[in-house]
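A.B. asks: You'll find input.tsv just under this line, and it carries TSV, C-alpha atoms.
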chain	number	residue	atom	x	y	z
A	483	MET	CA	-27.28	-2.26	-26.92
A	484	GLU	CA	-29.13	-4.29	-29.49
A	485	ARG	CA	-28.84	-1.53	-32.09
A	486	ASP	CA	-25.32	-0.82	-33.21
A	487	GLY	CA	-24.15	2.62	-32.19
A	488	GLU	CA	-26.96	3.24	-29.73
A	489	ARG	CA	-25.85	5.54	-26.93
A	490	ILE	CA	-26.91	5.05	-23.32
A	491	GLU	CA	-26.27	7.91	-20.91
A	492	ILE	CA	-26.62	8.66	-17.22
A	493	THR	CA	-25.88	11.78	-15.19
A	494	ILE	CA	-25.39	11.57	-11.43
A	495	SER	CA	-24.59	14.01	-8.66
A	496	SER	CA	-21.21	13.60	-6.98
A	497	ARG	CA	-22.08	11.12	-4.27
A	498	PHE	CA	-20.26	7.85	-3.71
A	499	GLU	CA	-23.55	5.99	-3.32
A	500	ASN	CA	-24.32	6.80	-6.98
A	501	ILE	CA	-21.25	4.95	-8.27
A	502	GLU	CA	-22.99	1.62	-8.24
A	503	LEU	CA	-25.78	2.93	-10.49
A	504	VAL	CA	-23.27	3.50	-13.27
A	505	GLN	CA	-21.39	0.28	-12.55
A	506	VAL	CA	-24.58	-1.77	-12.78
A	507	ILE	CA	-25.48	-0.20	-16.14
A	508	ALA	CA	-22.03	-1.11	-17.47
A	509	GLU	CA	-22.31	-4.70	-16.27
A	510	HIS	CA	-25.79	-5.16	-17.70
A	511	LEU	CA	-24.77	-3.69	-21.05
A	512	CYS	CA	-21.82	-6.06	-21.22
A	513	GLU	CA	-23.93	-9.07	-20.32
A	514	ASN	CA	-26.49	-8.09	-22.96
A	515	ALA	CA	-23.65	-7.87	-25.47
A	516	GLY	CA	-22.64	-11.45	-24.66
A	517	VAL	CA	-19.73	-10.80	-22.33
A	518	ASP	CA	-19.32	-13.45	-19.64
A	519	GLU	CA	-19.84	-12.71	-15.96
A	520	ASP	CA	-16.16	-12.21	-15.16
A	521	GLY	CA	-15.60	-9.92	-18.13
A	522	SER	CA	-18.65	-7.85	-17.24
A	523	HIS	CA	-17.43	-7.61	-13.66
A	524	TRP	CA	-14.00	-6.26	-14.62
A	525	ILE	CA	-15.44	-3.71	-17.05
A	526	GLY	CA	-17.89	-2.69	-14.34
A	527	MET	CA	-14.94	-2.33	-11.98
A	528	ALA	CA	-13.14	-0.04	-14.44
A	529	VAL	CA	-16.28	2.09	-14.66
A	530	ARG	CA	-16.55	2.16	-10.87
A	531	GLU	CA	-12.99	3.47	-10.60
A	532	ALA	CA	-13.57	6.09	-13.30
A	533	VAL	CA	-16.71	7.40	-11.63
A	534	ALA	CA	-15.10	7.33	-8.17
A	535	ASN	CA	-12.18	9.38	-9.47
A	536	ALA	CA	-14.55	11.84	-11.16
A	537	ILE	CA	-16.48	12.32	-7.91
A	538	LYS	CA	-13.50	12.44	-5.54
A	539	HIS	CA	-10.65	13.98	-7.51
A	540	GLY	CA	-12.59	15.73	-10.27
A	541	ASN	CA	-15.65	17.22	-8.62
A	542	LYS	CA	-14.09	17.01	-5.14
A	543	LEU	CA	-17.32	15.66	-3.63
A	544	ASP	CA	-19.23	18.81	-4.60
A	545	THR	CA	-22.75	17.40	-4.93
A	546	ALA	CA	-23.77	20.35	-7.11
A	547	LYS	CA	-21.35	19.08	-9.75
A	548	LYS	CA	-22.36	16.24	-12.01
A	549	VAL	CA	-20.70	13.17	-13.45
A	550	HIS	CA	-21.89	12.15	-16.87
A	551	ALA	CA	-21.34	8.65	-18.23
A	552	SER	CA	-22.14	7.34	-21.68
A	553	PHE	CA	-21.86	3.93	-23.28
A	554	VAL	CA	-21.69	3.20	-27.00
A	555	LEU	CA	-21.21	-0.18	-28.66
A	556	ARG	CA	-19.99	-0.10	-32.27
A	557	GLY	CA	-19.68	-3.63	-33.51
A	558	SER	CA	-17.73	-5.35	-30.75
A	559	GLU	CA	-16.03	-2.14	-29.59
A	560	LEU	CA	-17.43	-0.71	-26.36
A	561	GLU	CA	-16.64	2.93	-25.71
A	562	ILE	CA	-17.29	4.35	-22.25
A	563	THR	CA	-16.97	8.05	-21.47
A	564	VAL	CA	-16.97	9.46	-17.94
A	565	ALA	CA	-16.93	13.24	-17.65
A	566	ASP	CA	-16.72	15.46	-14.58
A	567	GLN	CA	-16.83	19.20	-13.96
A	568	GLY	CA	-13.55	19.46	-12.10
A	569	GLU	CA	-10.29	21.24	-12.81
A	570	GLY	CA	-8.43	18.32	-14.33
A	571	PHE	CA	-5.07	16.81	-13.46
A	572	ASP	CA	-1.78	15.85	-15.04
A	573	PRO	CA	-1.85	12.14	-15.94
A	574	ALA	CA	1.95	12.18	-16.15
A	575	LYS	CA	2.09	12.82	-12.41
A	576	VAL	CA	0.11	9.69	-11.56
A	577	SER	CA	2.56	7.30	-9.95
A	578	ASP	CA	2.97	3.67	-10.93
A	579	PRO	CA	1.40	1.54	-8.17
A	580	LEU	CA	3.60	-1.41	-9.16
A	581	ASN	CA	6.77	0.52	-8.41
A	582	PRO	CA	8.15	-1.03	-5.21
A	583	GLN	CA	8.29	2.44	-3.68
A	584	ASN	CA	4.54	2.80	-4.17
A	585	LEU	CA	3.42	-0.73	-3.38
A	586	MET	CA	2.37	0.08	0.19
A	587	LYS	CA	0.56	3.30	-0.65
A	588	THR	CA	-3.12	3.30	0.31
A	589	SER	CA	-4.24	5.10	-2.85
A	590	GLY	CA	-3.31	5.53	-6.49
A	591	ARG	CA	-4.55	2.27	-8.00
A	592	GLY	CA	-7.73	3.45	-9.72
A	593	ILE	CA	-6.24	4.45	-13.06
A	594	PHE	CA	-4.10	1.32	-12.99
A	595	TYR	CA	-7.27	-0.76	-12.64
A	596	MET	CA	-8.84	0.98	-15.62
A	597	LYS	CA	-5.77	0.43	-17.78
A	598	THR	CA	-5.62	-3.20	-16.68
A	599	PHE	CA	-9.25	-4.07	-17.34
A	600	MET	CA	-9.77	-2.02	-20.50
A	601	ASP	CA	-7.91	-1.93	-23.83
A	602	ALA	CA	-7.29	1.81	-23.86
A	603	VAL	CA	-7.80	4.78	-21.53
A	604	HIS	CA	-7.56	8.40	-22.69
A	605	TYR	CA	-8.15	11.73	-20.98
A	606	SER	CA	-9.12	15.06	-22.45
A	607	PHE	CA	-9.28	18.33	-20.54
A	608	HIS	CA	-11.70	21.05	-21.51
A	609	PRO	CA	-10.66	24.72	-21.47
A	610	GLY	CA	-13.74	25.73	-19.50
A	611	GLY	CA	-13.14	23.02	-16.92
A	612	GLY	CA	-14.01	19.38	-16.75
A	613	THR	CA	-12.24	16.18	-17.62
A	614	SER	CA	-13.44	13.47	-19.98
A	615	LEU	CA	-12.15	9.96	-19.64
A	616	VAL	CA	-12.70	7.65	-22.60
A	617	MET	CA	-12.16	3.92	-22.17
A	618	THR	CA	-12.54	1.32	-24.88
A	619	LYS	CA	-12.77	-2.45	-24.85
A	620	ASN	CA	-13.07	-4.91	-27.68
A	621	LEU	CA	-15.63	-7.31	-26.31
A	622	ALA	CA	-14.80	-9.91	-28.95
A	623	LYS	CA	-11.33	-10.35	-27.44
A	624	GLY	CA	-12.77	-11.86	-24.29
A	625	SER	CA	-12.50	-10.82	-20.70
A	626	GLY	CA	-8.88	-11.68	-20.08
A	627	PHE	CA	-6.36	-9.25	-18.74
A	628	ALA	CA	-2.70	-9.71	-17.99
A	629	THR	CA	-1.85	-10.73	-14.47
A	630	THR	CA	1.43	-11.50	-12.82
A	631	LYS	CA	0.24	-14.85	-11.58
A	632	ALA	CA	2.79	-17.63	-11.79
B	1272	MET	CA	-19.86	-4.09	5.31
B	1273	LYS	CA	-20.27	-6.16	8.45
B	1274	ALA	CA	-17.39	-7.26	10.68
B	1275	THR	CA	-17.56	-9.99	13.31
B	1276	SER	CA	-14.68	-10.96	15.57
B	1277	ARG	CA	-13.75	-13.99	17.58
B	1278	THR	CA	-10.62	-14.94	19.44
B	1279	VAL	CA	-8.81	-18.23	19.03
B	1280	GLY	CA	-5.74	-18.58	21.22
B	1281	ASN	CA	-3.53	-15.56	20.64
B	1282	THR	CA	-5.22	-14.54	17.41
B	1283	ASP	CA	-8.27	-12.45	16.60
B	1284	ILE	CA	-10.18	-13.63	13.56
B	1285	ILE	CA	-12.16	-10.80	11.99
B	1286	LYS	CA	-14.67	-11.89	9.38
B	1287	LEU	CA	-15.71	-9.25	6.86
B	1288	ASP	CA	-18.94	-9.54	4.89
B	1289	GLY	CA	-20.22	-7.32	2.09
B	1290	LYS	CA	-18.59	-4.54	0.14
B	1291	ILE	CA	-15.30	-2.80	0.84
B	1292	THR	CA	-15.65	0.17	-1.45
B	1293	ILE	CA	-15.05	3.90	-1.49
B	1294	GLY	CA	-17.09	5.86	1.01
B	1295	ALA	CA	-18.51	2.81	2.72
B	1296	GLY	CA	-16.68	-0.36	3.68
B	1297	ASP	CA	-13.25	1.21	3.33
B	1298	GLN	CA	-13.81	3.54	6.29
B	1299	GLN	CA	-15.39	0.76	8.31
B	1300	LEU	CA	-12.38	-1.49	7.73
B	1301	ARG	CA	-10.09	1.28	8.95
B	1302	GLU	CA	-12.18	1.65	12.12
B	1303	VAL	CA	-12.34	-2.09	12.77
B	1304	ILE	CA	-8.59	-2.52	12.49
B	1305	GLY	CA	-7.90	0.70	14.40
B	1306	ASN	CA	-10.13	-0.44	17.25
B	1307	ALA	CA	-8.54	-3.87	17.37
B	1308	VAL	CA	-5.05	-2.40	17.50
B	1309	ASN	CA	-6.07	0.11	20.16
B	1310	GLU	CA	-7.38	-2.79	22.24
B	1311	GLY	CA	-3.91	-4.28	22.12
B	1312	LYS	CA	-4.62	-7.00	19.61
B	1313	THR	CA	-1.53	-7.83	17.62
B	1314	ASN	CA	-2.31	-11.04	15.75
B	1315	ILE	CA	-5.13	-10.44	13.31
B	1316	LEU	CA	-6.47	-12.87	10.74
B	1317	LEU	CA	-8.87	-11.27	8.26
B	1318	ASP	CA	-11.40	-13.76	6.93
B	1319	LEU	CA	-12.44	-12.31	3.57
B	1320	SER	CA	-14.70	-15.13	2.39
B	1321	GLY	CA	-17.80	-12.94	2.68
B	1322	VAL	CA	-16.45	-9.96	0.75
B	1323	THR	CA	-18.61	-9.47	-2.32
B	1324	THR	CA	-16.98	-6.42	-3.91
B	1325	ILE	CA	-13.72	-4.59	-3.30
B	1326	ASP	CA	-12.48	-1.60	-5.26
B	1327	SER	CA	-9.14	0.21	-5.29
B	1328	SER	CA	-10.09	2.09	-2.12
B	1329	GLY	CA	-10.84	-1.19	-0.40
B	1330	ILE	CA	-7.52	-2.62	-1.54
B	1331	GLY	CA	-5.89	0.56	-0.26
B	1332	GLU	CA	-7.48	0.04	3.14
B	1333	LEU	CA	-6.22	-3.53	3.24
B	1334	VAL	CA	-2.74	-2.14	2.69
B	1335	GLY	CA	-3.34	0.53	5.32
B	1336	SER	CA	-4.55	-2.12	7.76
B	1337	TYR	CA	-1.45	-4.18	7.18
B	1338	THR	CA	0.74	-1.15	7.84
B	1339	THR	CA	-1.22	-0.16	10.96
B	1340	VAL	CA	-0.89	-3.58	12.52
B	1341	THR	CA	2.73	-4.06	11.49
B	1342	ASN	CA	3.73	-0.65	12.87
B	1343	ARG	CA	2.36	-1.73	16.26
B	1344	GLY	CA	4.52	-4.84	16.16
B	1345	GLY	CA	1.68	-7.12	15.12
B	1346	LYS	CA	0.86	-9.35	12.20
B	1347	LEU	CA	-2.09	-9.19	9.81
B	1348	LYS	CA	-2.77	-12.14	7.56
B	1349	LEU	CA	-5.56	-13.01	5.13
B	1350	LEU	CA	-7.85	-16.04	5.05
B	1351	HIS	CA	-10.20	-17.36	2.37
B	1352	LEU	CA	-9.64	-14.88	-0.46
B	1353	PRO	CA	-12.56	-14.71	-2.93
B	1354	ALA	CA	-11.39	-15.43	-6.48
B	1355	LYS	CA	-11.73	-11.87	-7.75
B	1356	LEU	CA	-9.92	-10.40	-4.76
B	1357	ASN	CA	-7.18	-12.94	-5.32
B	1358	GLU	CA	-6.87	-11.71	-8.91
B	1359	LEU	CA	-6.72	-8.10	-7.78
B	1360	LEU	CA	-3.93	-8.87	-5.32
B	1361	HIS	CA	-2.03	-10.51	-8.15
B	1362	VAL	CA	-2.43	-7.68	-10.66
B	1363	THR	CA	-1.43	-5.13	-8.03
B	1364	GLN	CA	1.45	-7.38	-6.91
B	1365	LEU	CA	0.22	-7.07	-3.33
B	1366	ILE	CA	0.10	-10.84	-3.20
B	1367	THR	CA	3.82	-10.53	-2.47
B	1368	VAL	CA	3.03	-8.47	0.65
B	1369	PHE	CA	0.25	-10.43	2.33
B	1370	GLU	CA	0.42	-13.88	3.83
B	1371	VAL	CA	-2.66	-15.66	2.49
B	1372	TYR	CA	-4.19	-18.88	3.80
B	1373	GLU	CA	-7.00	-21.14	2.66
B	1374	ASN	CA	-7.06	-23.18	5.86
B	1375	GLU	CA	-7.93	-21.56	9.19
B	1376	GLN	CA	-5.94	-23.97	11.36
B	1377	GLU	CA	-2.89	-23.51	9.19
B	1378	ALA	CA	-3.31	-19.75	9.38
B	1379	LEU	CA	-3.68	-19.82	13.17
B	1380	GLY	CA	-0.57	-21.95	13.48
B	1381	SER	CA	1.45	-19.42	11.52
B	1382	PHE	CA	1.25	-16.67	14.16
Could the structure of this file be written out as structure tokens, please?

C.D. replies:
Amino acid sequence: MERDGERIEITISSRFENIELVQVIAEHLCENAGVDEDGSHWIGMAVREAVANAIKHGNKLDTAKKVHASFVLRGSELEITVADQGEGFDPAKVSDPLNPQNLMKTSGRGIFYMKTFMDAVHYSFHPGGGTSLVMTKNLAKGSGFATTKA
Amino acid sequence: MKATSRTVGNTDIIKLDGKITIGAGDQQLREVIGNAVNEGKTNILLDLSGVTTIDSSGIGELVGSYTTVTNRGGKLKLLHLPAKLNELLHVTQLITVFEVYENEQEALGSF
């Protein structure tokens, strides 16, 4: 990430044990870009959730299907793309995990994590199949994210 | 993830070490709590000091564990939250659900 705009990419098969490979790349890239340990951890966590969703909900654990991740730093703006080969989903149907009715659900917090730890999260669905998730984070803004702590 | 249990009075303290993440520790946590409940244990204190990483699946299993124990008439409380897990419980507002302790004796006395 020393050269502005350089792209780093990795493609993995849809196995949970591969998630950490992508997460570690994200954390190292952030650290190399000067992000502190906590900030790198939370960005790595957002990447973990994105890849986990791509494997589980996108590719439905089909190991023949791939998850592709790319990282690009332009100035202080980090752009992370995670793409699967699944059938897509309707983001509008993703429930709010902070809604009291959903608080005790055992799933449904992954996208919330991504939105919490990153500045922006966007999905695009390809006509031939596959979903691309693009997350961005301005590394110059620091690692903070809003919590509900008193 | 590794789980070790000990009993103090009427409470079982289960110490978790390692990762509670999708496809690995999350399933183990479910089994550990399921086994404890099936053995009739109702007061469970989860010592999380050794947890190094927890993702949304791990958090989900913590919630599931709480529900499993509560539905059997028991209580599940948390001890020694690592800083990042503490932050996650705050951002997910689950801190309002769990009873969390930093002192083991205080936690044991609360059952």

A.B. asks: Which residues are close to Val1334 (chain B), i.e. within 9 Å by all atoms listed in the file, leaving aside same-chain residues fewer than 6 positions away? Reply as JSON, numbers by chain.

C.D. replies: {"A": [585, 586, 587, 588], "B": [1365, 1368, 1369]}

A.B. asks: Selected residues, C-alpha atoms, written as a compact mmCIF listing (two decimals), keeping the file's coordinate frame, please.

C.D. replies:
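Saved result, selection.txt, follows:
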# COMPACT_ATOMS: atom_id res chain seq x y z
CA LEU A 585 3.42 -0.73 -3.38
CA MET A 586 2.37 0.08 0.19
CA LYS A 587 0.56 3.30 -0.65
CA THR A 588 -3.12 3.30 0.31
CA LEU B 1365 0.22 -7.07 -3.33
CA VAL B 1368 3.03 -8.47 0.65
CA PHE B 1369 0.25 -10.43 2.33

A.B. asks: Please determine, counting only C-alpha atoms, which residue among A:Val554, A:Gly521, A:Thr545, A:Glu513 has the shortest atom-to-atom distance to Gly487 (chain A).

C.D. replies: A:Val554

A.B. asks: Which residue out of A:Thr598, A:Gln505, A:Ser496, A:Gln583 has the minimum interatomic distance to chain B when only C-alpha atoms are used?

C.D. replies: A:Thr598

A.B. asks: Report, in Å with one decimal, the straight-line distance from CA of Leu1317 (chain B) to CA of Lys1273 (chain B).

C.D. replies: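 Computing it gives 12.5 Å between the two atoms.
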
A.B. asks: Can you work out the spacing between CA of Arg1343 (chain B) and CA of Leu1287 (chain B) in Å, to one decimal?

C.D. replies: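 Between CA of Arg1343 (chain B) and CA of Leu1287 (chain B) the gap works out to 21.7 Å.
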
A.B. asks: Select residues of chain A: the criterion is any atom within 10 Å of an atom of chain B, counting all atoms listed in the file; output as number ranges by chain.

C.D. replies: A: 497-499, 501, 520, 523-524, 527-528, 530-531, 534, 538, 579-582, 585-595, 598, 627-632

A.B. asks: When distances are computed from all atoms listed in the file, which of A:Gly568, A:Lys623, A:Arg489, A:Pro573 shows the smallest separation from Gly610 (chain A)?

C.D. replies: A:Gly568

A.B. asks: Using only C-alpha atoms, which residues sit within 6 Å of region 1371-1379 of chain B once same-chain residues fewer than 4 positions away are excluded, as a list of chain:residue names?

C.D. replies: B:Leu1349, B:Leu1350, B:His1351

A.B. asks: How would the residues just picked look written out with C-alpha atoms as a PDB file, in the frame of the given file?

C.D. replies:
ATOM      1  CA  LEU B1349      -5.560 -13.010   5.130  1.00  0.00           C
ATOM      2  CA  LEU B1350      -7.850 -16.040   5.050  1.00  0.00           C
ATOM      3  CA  HIS B1351     -10.200 -17.360   2.370  1.00  0.00           C
TER       4      HIS B1351
END

A.B. asks: So what do you get for CA of Arg556 (chain A) versus CA of Thr493 (chain A), distance-wise?

C.D. replies: 21.6 Å

A.B. asks: Mind checking which residues fall within 7 Å of region 1300-1316 of chain B, counting all atoms listed in the file, ignoring those fewer than 5 positions away in the same chain, and posting them as a list in words?

C.D. replies: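 Those residues are Asn1281, Thr1282, Asp1283, Ile1284, Ile1285, Glu1332, Ser1336, Val1340, Gly1344, Gly1345, Lys1346, Leu1347, Lys1348, Leu1349, Leu1350 and Phe1382 of chain B.
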
A.B. asks: Please give the centre and size of the box around region 538-549 of chain A (axis-aligned, containing every atom listed in the file, 8 Å added per side), with values in Å to one decimal and written as lines of an AutoDock Vina configuration file.

C.D. replies:
center_x = -17.2
center_y = 16.4
center_z = -8.5
size_x = 29.1
size_y = 23.9
size_z = 25.8

A.B. asks: So, counting all atoms listed in the file, which residue among A:Glu491, A:Asp572, A:Asp518, A:Glu561 is closest to Met600 (chain A)?

C.D. replies: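 For Met600 (chain A), the nearest of the given residues is A:Glu561.
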
A.B. asks: Can you tell me which residues surround Val504 (chain A) at a distance of at most 8 Å, considering all atoms listed in the file, apart from same-chain residues fewer than 5 positions away, and format the answer as a list in words?

C.D. replies: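 Neighbouring residues, sequence-local ones excluded: Ile492, Val529, Arg530, Val533 and Ala551 of chain A.
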
A.B. asks: Generate the coordinates of N, CA and C atoms for region 503-523 of chain A; report them as a PDB file, in the coordinates of the input.

C.D. replies:
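The resulting out_38.pdb:
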ATOM      1  N   LEU A 503     -24.782   2.786  -9.416  1.00  0.00           N
ATOM      2  CA  LEU A 503     -25.780   2.930 -10.490  1.00  0.00           C
ATOM      3  C   LEU A 503     -25.101   2.807 -11.852  1.00  0.00           C
ATOM      4  N   VAL A 504     -23.974   3.490 -11.988  1.00  0.00           N
ATOM      5  CA  VAL A 504     -23.270   3.500 -13.270  1.00  0.00           C
ATOM      6  C   VAL A 504     -22.604   2.136 -13.507  1.00  0.00           C
ATOM      7  N   GLN A 505     -22.045   1.585 -12.439  1.00  0.00           N
ATOM      8  CA  GLN A 505     -21.390   0.280 -12.550  1.00  0.00           C
ATOM      9  C   GLN A 505     -22.390  -0.788 -13.008  1.00  0.00           C
ATOM     10  N   VAL A 506     -23.566  -0.761 -12.430  1.00  0.00           N
ATOM     11  CA  VAL A 506     -24.580  -1.770 -12.780  1.00  0.00           C
ATOM     12  C   VAL A 506     -24.992  -1.644 -14.239  1.00  0.00           C
ATOM     13  N   ILE A 507     -25.140  -0.409 -14.722  1.00  0.00           N
ATOM     14  CA  ILE A 507     -25.480  -0.200 -16.140  1.00  0.00           C
ATOM     15  C   ILE A 507     -24.398  -0.837 -17.021  1.00  0.00           C
ATOM     16  N   ALA A 508     -23.140  -0.573 -16.669  1.00  0.00           N
ATOM     17  CA  ALA A 508     -22.030  -1.110 -17.470  1.00  0.00           C
ATOM     18  C   ALA A 508     -22.074  -2.640 -17.497  1.00  0.00           C
ATOM     19  N   GLU A 509     -22.304  -3.237 -16.339  1.00  0.00           N
ATOM     20  CA  GLU A 509     -22.310  -4.700 -16.270  1.00  0.00           C
ATOM     21  C   GLU A 509     -23.473  -5.293 -17.063  1.00  0.00           C
ATOM     22  N   HIS A 510     -24.628  -4.661 -16.955  1.00  0.00           N
ATOM     23  CA  HIS A 510     -25.790  -5.160 -17.700  1.00  0.00           C
ATOM     24  C   HIS A 510     -25.584  -5.021 -19.208  1.00  0.00           C
ATOM     25  N   LEU A 511     -25.021  -3.890 -19.622  1.00  0.00           N
ATOM     26  CA  LEU A 511     -24.770  -3.690 -21.050  1.00  0.00           C
ATOM     27  C   LEU A 511     -23.818  -4.760 -21.579  1.00  0.00           C
ATOM     28  N   CYS A 512     -22.795  -5.051 -20.796  1.00  0.00           N
ATOM     29  CA  CYS A 512     -21.820  -6.060 -21.220  1.00  0.00           C
ATOM     30  C   CYS A 512     -22.470  -7.433 -21.313  1.00  0.00           C
ATOM     31  N   GLU A 513     -23.260  -7.768 -20.308  1.00  0.00           N
ATOM     32  CA  GLU A 513     -23.930  -9.070 -20.320  1.00  0.00           C
ATOM     33  C   GLU A 513     -24.871  -9.177 -21.514  1.00  0.00           C
ATOM     34  N   ASN A 514     -25.583  -8.086 -21.799  1.00  0.00           N
ATOM     35  CA  ASN A 514     -26.490  -8.090 -22.960  1.00  0.00           C
ATOM     36  C   ASN A 514     -25.725  -8.228 -24.269  1.00  0.00           C
ATOM     37  N   ALA A 515     -24.472  -7.783 -24.260  1.00  0.00           N
ATOM     38  CA  ALA A 515     -23.650  -7.870 -25.470  1.00  0.00           C
ATOM     39  C   ALA A 515     -22.933  -9.221 -25.562  1.00  0.00           C
ATOM     40  N   GLY A 516     -23.200 -10.104 -24.588  1.00  0.00           N
ATOM     41  CA  GLY A 516     -22.640 -11.450 -24.660  1.00  0.00           C
ATOM     42  C   GLY A 516     -21.344 -11.644 -23.904  1.00  0.00           C
ATOM     43  N   VAL A 517     -20.952 -10.653 -23.117  1.00  0.00           N
ATOM     44  CA  VAL A 517     -19.730 -10.800 -22.330  1.00  0.00           C
ATOM     45  C   VAL A 517     -20.019 -11.692 -21.126  1.00  0.00           C
ATOM     46  N   ASP A 518     -19.062 -12.556 -20.774  1.00  0.00           N
ATOM     47  CA  ASP A 518     -19.320 -13.450 -19.640  1.00  0.00           C
ATOM     48  C   ASP A 518     -19.299 -12.669 -18.329  1.00  0.00           C
ATOM     49  N   GLU A 519     -19.663 -13.376 -17.252  1.00  0.00           N
ATOM     50  CA  GLU A 519     -19.840 -12.710 -15.960  1.00  0.00           C
ATOM     51  C   GLU A 519     -18.549 -12.056 -15.470  1.00  0.00           C
ATOM     52  N   ASP A 520     -17.432 -12.782 -15.615  1.00  0.00           N
ATOM     53  CA  ASP A 520     -16.160 -12.210 -15.160  1.00  0.00           C
ATOM     54  C   ASP A 520     -15.796 -10.952 -15.956  1.00  0.00           C
ATOM     55  N   GLY A 521     -15.948 -11.064 -17.283  1.00  0.00           N
ATOM     56  CA  GLY A 521     -15.600  -9.920 -18.130  1.00  0.00           C
ATOM     57  C   GLY A 521     -16.460  -8.706 -17.808  1.00  0.00           C
ATOM     58  N   SER A 522     -17.747  -8.950 -17.592  1.00  0.00           N
ATOM     59  CA  SER A 522     -18.650  -7.850 -17.240  1.00  0.00           C
ATOM     60  C   SER A 522     -18.243  -7.243 -15.901  1.00  0.00           C
ATOM     61  N   HIS A 523     -17.841  -8.096 -14.977  1.00  0.00           N
ATOM     62  CA  HIS A 523     -17.430  -7.610 -13.660  1.00  0.00           C
ATOM     63  C   HIS A 523     -16.228  -6.669 -13.767  1.00  0.00           C
TER      64      HIS A 523
END
